[in-house]
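Trainee: Input structure: work.cif, which contains mmCIF, C-alpha atoms.
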```cif
data_entry
#
loop_
_atom_site.label_atom_id
_atom_site.label_comp_id
_atom_site.auth_asym_id
_atom_site.auth_seq_id
_atom_site.Cartn_x
_atom_site.Cartn_y
_atom_site.Cartn_z
CA MET A 1 0.00 0.00 0.00
CA ASN A 2 1.20 3.51 -0.83
CA GLU A 3 0.62 6.10 1.90
CA VAL A 4 -0.86 9.30 0.49
CA ALA A 5 -1.11 12.63 2.32
CA ILE A 6 -4.55 14.16 1.59
CA THR A 7 -5.14 17.71 2.82
CA PRO A 8 -8.64 18.72 1.53
CA ARG A 9 -11.04 18.65 4.47
CA SER A 10 -14.01 17.92 2.20
CA PHE A 11 -12.36 14.69 1.00
CA ARG A 12 -12.10 13.45 4.59
CA THR A 13 -15.48 14.62 5.90
CA THR A 14 -17.68 13.69 2.94
CA PRO A 15 -18.64 10.00 2.85
CA GLY A 16 -18.80 8.36 -0.54
CA PRO A 17 -17.17 6.15 -3.16
CA HIS A 18 -14.01 8.27 -3.29
CA HIS A 19 -12.97 6.62 -0.02
CA ASP A 20 -13.61 3.18 -1.52
CA ALA A 21 -11.50 4.18 -4.52
CA LEU A 22 -8.48 4.67 -2.25
CA THR A 23 -8.75 1.10 -0.97
CA GLU A 24 -9.38 -0.35 -4.41
CA LEU A 25 -6.29 1.43 -5.75
CA HIS A 26 -4.15 0.26 -2.80
CA LEU A 27 -3.68 3.78 -1.42
CA THR A 28 -3.49 4.38 2.34
CA PRO A 29 -4.80 7.87 3.20
CA ARG A 30 -3.25 10.17 5.78
CA PHE A 31 -5.60 13.01 6.76
CA PRO A 32 -4.89 16.11 8.88
CA GLN A 33 -7.27 16.77 11.75
CA LEU A 34 -7.11 20.57 11.55
CA GLU A 35 -10.08 22.39 10.05
CA ARG A 36 -7.95 24.95 8.22
CA PRO A 37 -5.15 25.04 5.64
CA LEU A 38 -1.85 23.81 7.04
CA THR A 39 1.16 26.07 7.50
CA GLU A 40 4.40 25.22 5.71
CA ALA A 41 5.88 23.68 8.88
CA GLU A 42 2.73 21.62 9.40
CA MET A 43 2.80 20.49 5.77
CA VAL A 44 6.44 19.42 6.08
CA ALA A 45 5.60 17.25 9.10
CA PHE A 46 2.38 15.99 7.53
CA VAL A 47 3.84 14.66 4.26
CA SER A 48 6.92 13.08 5.88
CA GLY A 49 7.19 9.47 4.74
CA CYS A 50 4.60 9.82 1.96
CA ARG A 51 5.37 9.31 -1.71
CA ALA A 52 2.23 11.14 -2.87
CA LEU A 53 0.23 14.23 -1.94
CA ILE A 54 -3.33 15.16 -2.83
CA VAL A 55 -3.53 18.86 -1.98
CA GLY A 56 -6.27 21.44 -1.79
CA VAL A 57 -5.51 25.07 -0.94
CA ASP A 58 -2.52 24.40 1.35
CA ASP A 59 0.79 25.88 0.16
CA VAL A 60 3.17 23.41 -1.48
CA THR A 61 6.70 24.83 -1.28
CA ALA A 62 10.08 23.36 -2.16
CA ASP A 63 10.56 22.30 1.48
CA VAL A 64 7.21 20.50 1.45
CA LEU A 65 8.12 18.67 -1.76
CA ASP A 66 11.40 17.51 -0.24
CA ALA A 67 9.85 16.39 3.03
CA GLY A 68 8.18 13.21 1.78
CA PRO A 69 10.23 12.81 -0.17
CA LEU A 70 7.29 13.18 -2.55
CA ARG A 71 7.24 11.67 -6.02
CA VAL A 72 3.66 12.57 -7.00
CA VAL A 73 1.47 15.66 -6.41
CA VAL A 74 -2.18 15.83 -7.44
CA LYS A 75 -4.11 19.10 -7.10
CA TYR A 76 -7.64 18.56 -5.78
CA GLY A 77 -9.16 21.33 -7.90
CA SER A 78 -7.82 23.47 -10.71
CA GLY A 79 -6.04 26.57 -9.37
CA LEU A 80 -2.26 26.22 -9.08
CA ASP A 81 -1.34 29.47 -7.31
CA ASN A 82 -0.62 27.63 -4.03
CA ILE A 83 1.93 25.30 -5.65
CA ASP A 84 5.57 26.10 -6.44
CA GLU A 85 5.48 24.87 -10.03
CA ALA A 86 9.13 25.69 -10.64
CA ALA A 87 10.13 23.51 -7.69
CA LEU A 88 7.96 20.71 -9.06
CA GLU A 89 9.72 20.87 -12.41
CA GLU A 90 13.19 21.12 -10.89
CA ARG A 91 12.58 17.90 -8.96
CA GLY A 92 10.98 16.13 -11.89
CA LEU A 93 7.90 15.24 -9.87
CA ALA A 94 4.81 13.77 -11.49
CA PHE A 95 1.87 16.17 -11.31
CA SER A 96 -1.80 16.23 -12.23
CA THR A 97 -5.05 17.99 -11.32
CA THR A 98 -8.68 16.99 -10.99
CA GLY A 99 -9.40 19.60 -13.66
CA SER A 100 -13.06 19.91 -14.50
CA ALA A 101 -14.46 17.77 -11.66
CA ASN A 102 -15.87 20.82 -9.85
CA ALA A 103 -16.80 22.88 -12.91
CA ARG A 104 -20.56 22.43 -12.64
CA SER A 105 -20.61 23.24 -8.93
CA VAL A 106 -18.57 26.43 -9.34
CA ALA A 107 -20.64 27.55 -12.32
CA GLU A 108 -23.87 26.99 -10.39
CA LEU A 109 -22.58 29.08 -7.48
CA ALA A 110 -21.56 31.86 -9.86
CA LEU A 111 -25.04 31.91 -11.38
CA GLY A 112 -26.58 31.79 -7.91
CA LEU A 113 -24.58 34.85 -6.91
CA VAL A 114 -25.75 36.63 -10.05
CA PHE A 115 -29.37 35.99 -9.02
CA ALA A 116 -28.60 37.09 -5.46
CA LEU A 117 -27.17 40.39 -6.70
CA ALA A 118 -29.92 41.01 -9.24
CA ARG A 119 -32.73 40.48 -6.73
CA GLY A 120 -31.06 41.70 -3.52
CA ILE A 121 -31.52 38.31 -1.84
CA ALA A 122 -28.76 38.70 0.73
CA ARG A 123 -29.72 42.32 1.42
CA HIS A 124 -33.35 41.32 2.01
CA ASP A 125 -32.32 38.52 4.35
CA ARG A 126 -30.15 40.87 6.40
CA SER A 127 -32.96 43.42 6.53
CA ILE A 128 -35.48 40.97 7.97
CA ARG A 129 -32.97 39.53 10.46
CA ASP A 130 -32.35 43.11 11.66
CA GLY A 131 -36.09 43.58 12.27
CA ARG A 132 -36.70 45.69 9.19
CA TRP A 133 -39.05 45.12 6.26
CA LYS A 134 -37.34 46.99 3.45
CA ARG A 135 -37.39 46.02 -0.21
CA ALA A 136 -34.51 46.68 -2.58
CA GLN A 137 -35.67 47.01 -6.17
CA GLY A 138 -34.01 44.43 -8.38
CA VAL A 139 -33.66 43.73 -12.07
CA GLU A 140 -34.63 40.85 -14.32
CA LEU A 141 -31.81 38.96 -16.01
CA VAL A 142 -33.48 38.02 -19.29
CA GLY A 143 -31.99 40.04 -22.13
CA LYS A 144 -29.07 41.27 -20.00
CA ARG A 145 -25.46 40.67 -21.03
CA LEU A 146 -23.14 38.40 -19.08
CA GLY A 147 -19.42 38.91 -19.70
CA ILE A 148 -17.30 35.88 -18.79
CA VAL A 149 -13.58 36.53 -18.28
CA GLY A 150 -11.83 33.20 -18.75
CA TYR A 151 -13.52 30.63 -20.98
CA GLY A 152 -12.27 27.32 -19.64
CA THR A 153 -14.42 24.48 -18.38
CA ILE A 154 -16.18 26.53 -15.70
CA GLY A 155 -16.75 29.48 -18.00
CA ARG A 156 -18.30 27.19 -20.59
CA GLU A 157 -20.60 25.60 -18.02
CA LEU A 158 -21.74 29.03 -16.88
CA ALA A 159 -22.29 30.21 -20.45
CA GLY A 160 -24.60 27.28 -21.18
CA MET A 161 -26.68 27.86 -18.06
CA ALA A 162 -26.81 31.62 -18.61
CA LYS A 163 -28.05 31.28 -22.19
CA SER A 164 -30.77 28.88 -21.07
CA ILE A 165 -32.34 31.59 -18.88
CA GLY A 166 -32.18 34.29 -21.53
CA LEU A 167 -28.89 36.02 -20.81
CA ASN A 168 -26.74 37.12 -23.73
CA VAL A 169 -23.15 35.96 -23.29
CA ALA A 170 -19.80 37.37 -24.37
CA THR A 171 -16.36 36.26 -23.28
CA HIS A 172 -12.76 37.38 -23.09
CA ASP A 173 -10.04 34.74 -23.14
CA PRO A 174 -6.97 35.15 -25.38
CA TYR A 175 -6.00 31.51 -24.80
CA ALA A 176 -9.25 29.67 -25.55
CA GLY A 177 -11.55 29.19 -28.50
CA THR A 178 -15.09 30.38 -27.93
CA GLY A 179 -17.15 28.59 -30.57
CA GLU A 180 -20.53 30.30 -30.93
CA ILE A 181 -19.94 32.70 -28.01
CA GLU A 182 -19.00 36.27 -28.92
CA ALA A 183 -15.33 36.96 -28.11
CA VAL A 184 -14.37 40.55 -27.28
CA SER A 185 -11.55 42.53 -25.72
CA LEU A 186 -11.52 42.90 -21.95
CA GLU A 187 -12.27 46.62 -22.27
CA GLU A 188 -15.31 46.00 -24.48
CA LEU A 189 -16.57 43.24 -22.20
CA LEU A 190 -16.36 45.46 -19.11
CA ALA A 191 -17.95 48.45 -20.81
CA HIS A 192 -20.92 46.58 -22.30
CA SER A 193 -21.79 43.87 -19.77
CA ASP A 194 -24.49 43.99 -17.11
CA VAL A 195 -22.72 41.22 -15.18
CA VAL A 196 -19.00 40.35 -15.26
CA SER A 197 -17.97 36.93 -13.94
CA LEU A 198 -14.33 35.92 -13.45
CA HIS A 199 -13.15 32.37 -14.24
CA LEU A 200 -9.39 32.42 -14.69
CA PRO A 201 -6.30 31.41 -12.68
CA LEU A 202 -4.24 33.76 -10.56
CA THR A 203 -0.89 34.37 -12.25
CA ALA A 204 1.58 37.23 -12.51
CA GLU A 205 -0.33 38.27 -15.63
CA THR A 206 -3.81 38.18 -14.07
CA GLU A 207 -3.07 39.60 -10.61
CA ASN A 208 -5.21 42.73 -10.08
CA LEU A 209 -6.58 42.27 -13.59
CA ILE A 210 -9.63 44.23 -12.47
CA GLY A 211 -8.31 47.46 -10.99
CA ARG A 212 -9.45 51.08 -10.83
CA ARG A 213 -9.21 51.61 -14.58
CA GLU A 214 -11.18 48.46 -15.34
CA LEU A 215 -13.85 49.16 -12.72
CA ALA A 216 -14.27 52.65 -14.17
CA LEU A 217 -15.17 51.06 -17.51
CA MET A 218 -18.10 49.13 -16.04
CA ARG A 219 -21.68 50.35 -16.16
CA PRO A 220 -23.16 52.00 -13.03
CA GLY A 221 -25.78 49.23 -12.80
CA ALA A 222 -23.34 46.37 -13.39
CA PHE A 223 -22.41 43.52 -11.07
CA LEU A 224 -19.02 41.83 -10.59
CA VAL A 225 -18.75 38.16 -9.55
CA ASN A 226 -15.50 36.39 -8.60
CA THR A 227 -15.68 32.64 -7.91
CA ALA A 228 -12.15 32.04 -9.21
CA ARG A 229 -9.21 33.31 -7.15
CA GLY A 230 -8.50 36.10 -4.72
CA GLY A 231 -6.06 38.61 -6.15
CA LEU A 232 -7.74 38.92 -9.53
CA VAL A 233 -9.44 42.11 -8.32
CA ASP A 234 -7.87 45.12 -6.61
CA GLU A 235 -10.08 44.90 -3.52
CA ARG A 236 -9.29 48.42 -2.31
CA ALA A 237 -10.39 49.82 -5.67
CA LEU A 238 -13.54 47.70 -5.50
CA VAL A 239 -14.38 49.06 -2.04
CA ASP A 240 -14.26 52.57 -3.46
CA ALA A 241 -16.33 51.65 -6.53
CA LEU A 242 -19.02 49.99 -4.40
CA SER A 243 -19.04 52.70 -1.71
CA GLU A 244 -19.48 55.40 -4.35
CA GLU A 245 -22.03 53.24 -6.22
CA ARG A 246 -20.02 53.43 -9.42
CA ILE A 247 -21.07 49.81 -9.90
CA ALA A 248 -24.22 48.29 -8.39
CA GLY A 249 -22.79 45.32 -6.53
CA ALA A 250 -20.26 42.53 -6.29
CA ALA A 251 -20.09 38.97 -4.94
CA PHE A 252 -16.91 37.06 -4.10
CA ASP A 253 -16.24 33.42 -3.29
CA ALA A 254 -12.47 34.04 -3.27
CA PHE A 255 -10.47 36.73 -1.49
CA SER A 256 -6.87 37.94 -1.39
CA GLU A 257 -6.84 37.08 2.33
CA GLU A 258 -8.86 34.06 3.45
CA PRO A 259 -10.76 34.35 5.65
CA PRO A 260 -11.17 38.06 4.83
CA GLU A 261 -11.36 39.17 8.45
CA SER A 262 -9.92 42.63 7.85
CA SER A 263 -11.52 43.31 4.46
CA PRO A 264 -13.72 46.42 4.33
CA LEU A 265 -15.73 44.70 1.60
CA ILE A 266 -17.54 42.65 4.24
CA GLY A 267 -19.21 45.71 5.74
CA LEU A 268 -20.71 46.93 2.47
CA ASP A 269 -24.44 46.38 1.89
CA ASN A 270 -23.98 45.89 -1.85
CA PHE A 271 -21.39 43.14 -1.43
CA ILE A 272 -22.05 39.41 -0.99
CA SER A 273 -19.42 37.09 0.47
CA SER A 274 -19.04 33.31 0.23
CA PRO A 275 -16.31 31.22 1.98
CA HIS A 276 -14.53 29.77 -1.09
CA ALA A 277 -17.38 27.27 -1.38
CA GLY A 278 -17.61 26.90 -5.16
CA ALA A 279 -16.57 23.25 -5.12
CA ALA A 280 -18.34 22.47 -1.84
CA THR A 281 -21.02 20.13 -3.15
CA THR A 282 -21.29 16.42 -2.49
CA GLU A 283 -21.19 15.68 -6.20
CA ALA A 284 -18.05 17.72 -6.83
CA VAL A 285 -16.26 16.24 -3.82
CA VAL A 286 -16.98 12.69 -4.97
CA ARG A 287 -15.98 13.39 -8.58
CA ALA A 288 -12.79 15.18 -7.58
CA GLY A 289 -11.95 12.57 -4.94
CA ILE A 290 -12.28 9.62 -7.30
CA LEU A 291 -10.29 11.37 -10.01
CA ALA A 292 -7.59 12.41 -7.53
CA ALA A 293 -7.25 8.81 -6.30
CA GLU A 294 -7.09 7.47 -9.85
CA GLU A 295 -4.50 10.03 -10.92
CA THR A 296 -2.39 9.37 -7.83
CA ALA A 297 -2.38 5.61 -8.46
CA ARG A 298 -1.60 6.10 -12.14
CA LEU A 299 1.30 8.45 -11.51
CA LEU A 300 2.74 6.30 -8.70
CA SER A 301 2.69 3.35 -11.06
CA GLU A 302 4.48 5.36 -13.74
CA VAL A 303 7.21 6.67 -11.44
CA SER A 304 7.83 3.22 -10.00
CA GLN A 305 8.72 2.04 -13.49
CA THR A 306 11.35 4.74 -14.03
#
```
Would you kindly transcribe this structure into structure tokens?
Mentor:
Amino acid sequence: MNEVAITPRSFRTTPGPHHDALTELHLTPRFPQLERPLTEAEMVAFVSGCRALIVGVDDVTADVLDAGPLRVVVKYGSGLDNIDEAALEERGLAFSTTGSANARSVAELALGLVFALARGIARHDRSIRDGRWKRAQGVELVGKRLGIVGYGTIGRELAGMAKSIGLNVATHDPYAGTGEIEAVSLEELLAHSDVVSLHLPLTAETENLIGRRELALMRPGAFLVNTARGGLVDERALVDALSEERIAGAAFDAFSEEPPESSPLIGLDNFISSPHAGAATTEAVVRAGILAAEETARLLSEVSQT
């Protein structure tokens, strides 16, 4: 049996066939008991003696890679900003991701946040809980334009759902084909969309992609949704845009600092927050868990033959 360090809490706490897959593939899981991402020192101790790591949002540094010593790393999800890719390559480690396993879940959350913004759902809930009975006038989505920044698997899922409820869809992604979806520049997408939804990785190129200049291009009644990665949006600039009502609202499932305890965004009435829960569905956990187990077993088999 190969011992595998598995950090995602959802993998451990969600019952299902992904646990059976570990046994069937002769993988012995090692789970942390902490209900938060591990620090680098904790990761070093946690992976010691393991040849493989299935990792969620915990940071994977060069020291962590050397601590196993690891031969295989599988990302439980799609974003790679928490992994030192250069260190992976330098050590020649086998690497894979669970790719599109959570695409439907993330896309559904993004669309849910669009509805919540359009109809003031969170604002109404807070109003009633505070003992008030105050309606915020919303807007219908049919005929509105959704601009999707990043047209990978999640962006495509969202586009299909959005079109089915009558939204017009445009996208900006210089690295992906768009098929029947209208492809435009980022500036045009921001200027002519009623809703902008972000679905791209955090890289040196995309960090603070949406800053003061970009927010100034958006319509006064527009909404901004980020279910991708913290750091894609200049949060200080967004605070100013929302406070001054230069855009109508925003909803984030990902923040530059998580949890966003010191973020002034949280206190704004036209902002909706979600705790990086895009992939937090039973179906996504099971799909990602099975795929992560299969990829780990496959890569371990390959490296054992070299």
Trainee: Find, counting only C-alpha atoms, the residue in A:Ile210, A:Ala94, A:Val57, A:Leu186 that gets nearest to Glu235 in chain A.
Mentor: A:Ile210
Trainee: So how many Å separate CA of Leu113 in chain A and CA of Ala250 in chain A, to one decimal?
Mentor: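 A separation of 8.8 Å between them.
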Trainee: Residues at most 10 Å from range 282-288 of chain A, counting all atoms listed in the file, excluding those fewer than 3 positions away in the same chain, as number ranges by chain?
Mentor: A: 8, 10-19, 75-77, 97-106, 278-279, 291-294
Trainee: Calculate how many Å separate CA of Ser185 in chain A from CA of Glu205 in chain A, rounding to one decimal.
Mentor: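 About the pair CA of Ser185 in chain A and CA of Glu205 in chain A: they are 15.7 Å apart.
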Trainee: Could you tell me which residues the PyMOL selection byres ((chain A and resi 49-56) around 8) returns for this structure, as a ChimeraX atom specification?
Mentor: /A:2-8,47-48,57-58,67-77,292,296,300
Trainee: I need the residue nearest Asp240 in chain A from this list: A:Arg298, A:Ser193, A:Asp66, A:Leu215. Use all atoms listed in the file for the distance.
Mentor: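 Of the candidates, the smallest distance to Asp240 in chain A is held by A:Leu215.
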Trainee: Just say which residues the PyMOL selection byres ((chain A and resi 192) around 12) picks in this file, as JSON, numbers by chain.
Mentor: {"A": [144, 145, 146, 147, 148, 168, 169, 170, 171, 184, 185, 186, 187, 188, 189, 190, 191, 193, 194, 195, 196, 217, 218, 219, 220, 221, 222, 223]}
Trainee: Quick one: distance from CA of Glu207 in chain A to CA of Ala159 in chain A in Å, one decimal?
Mentor: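 Pair CA of Glu207 in chain A / CA of Ala159 in chain A returns 23.5 Å.
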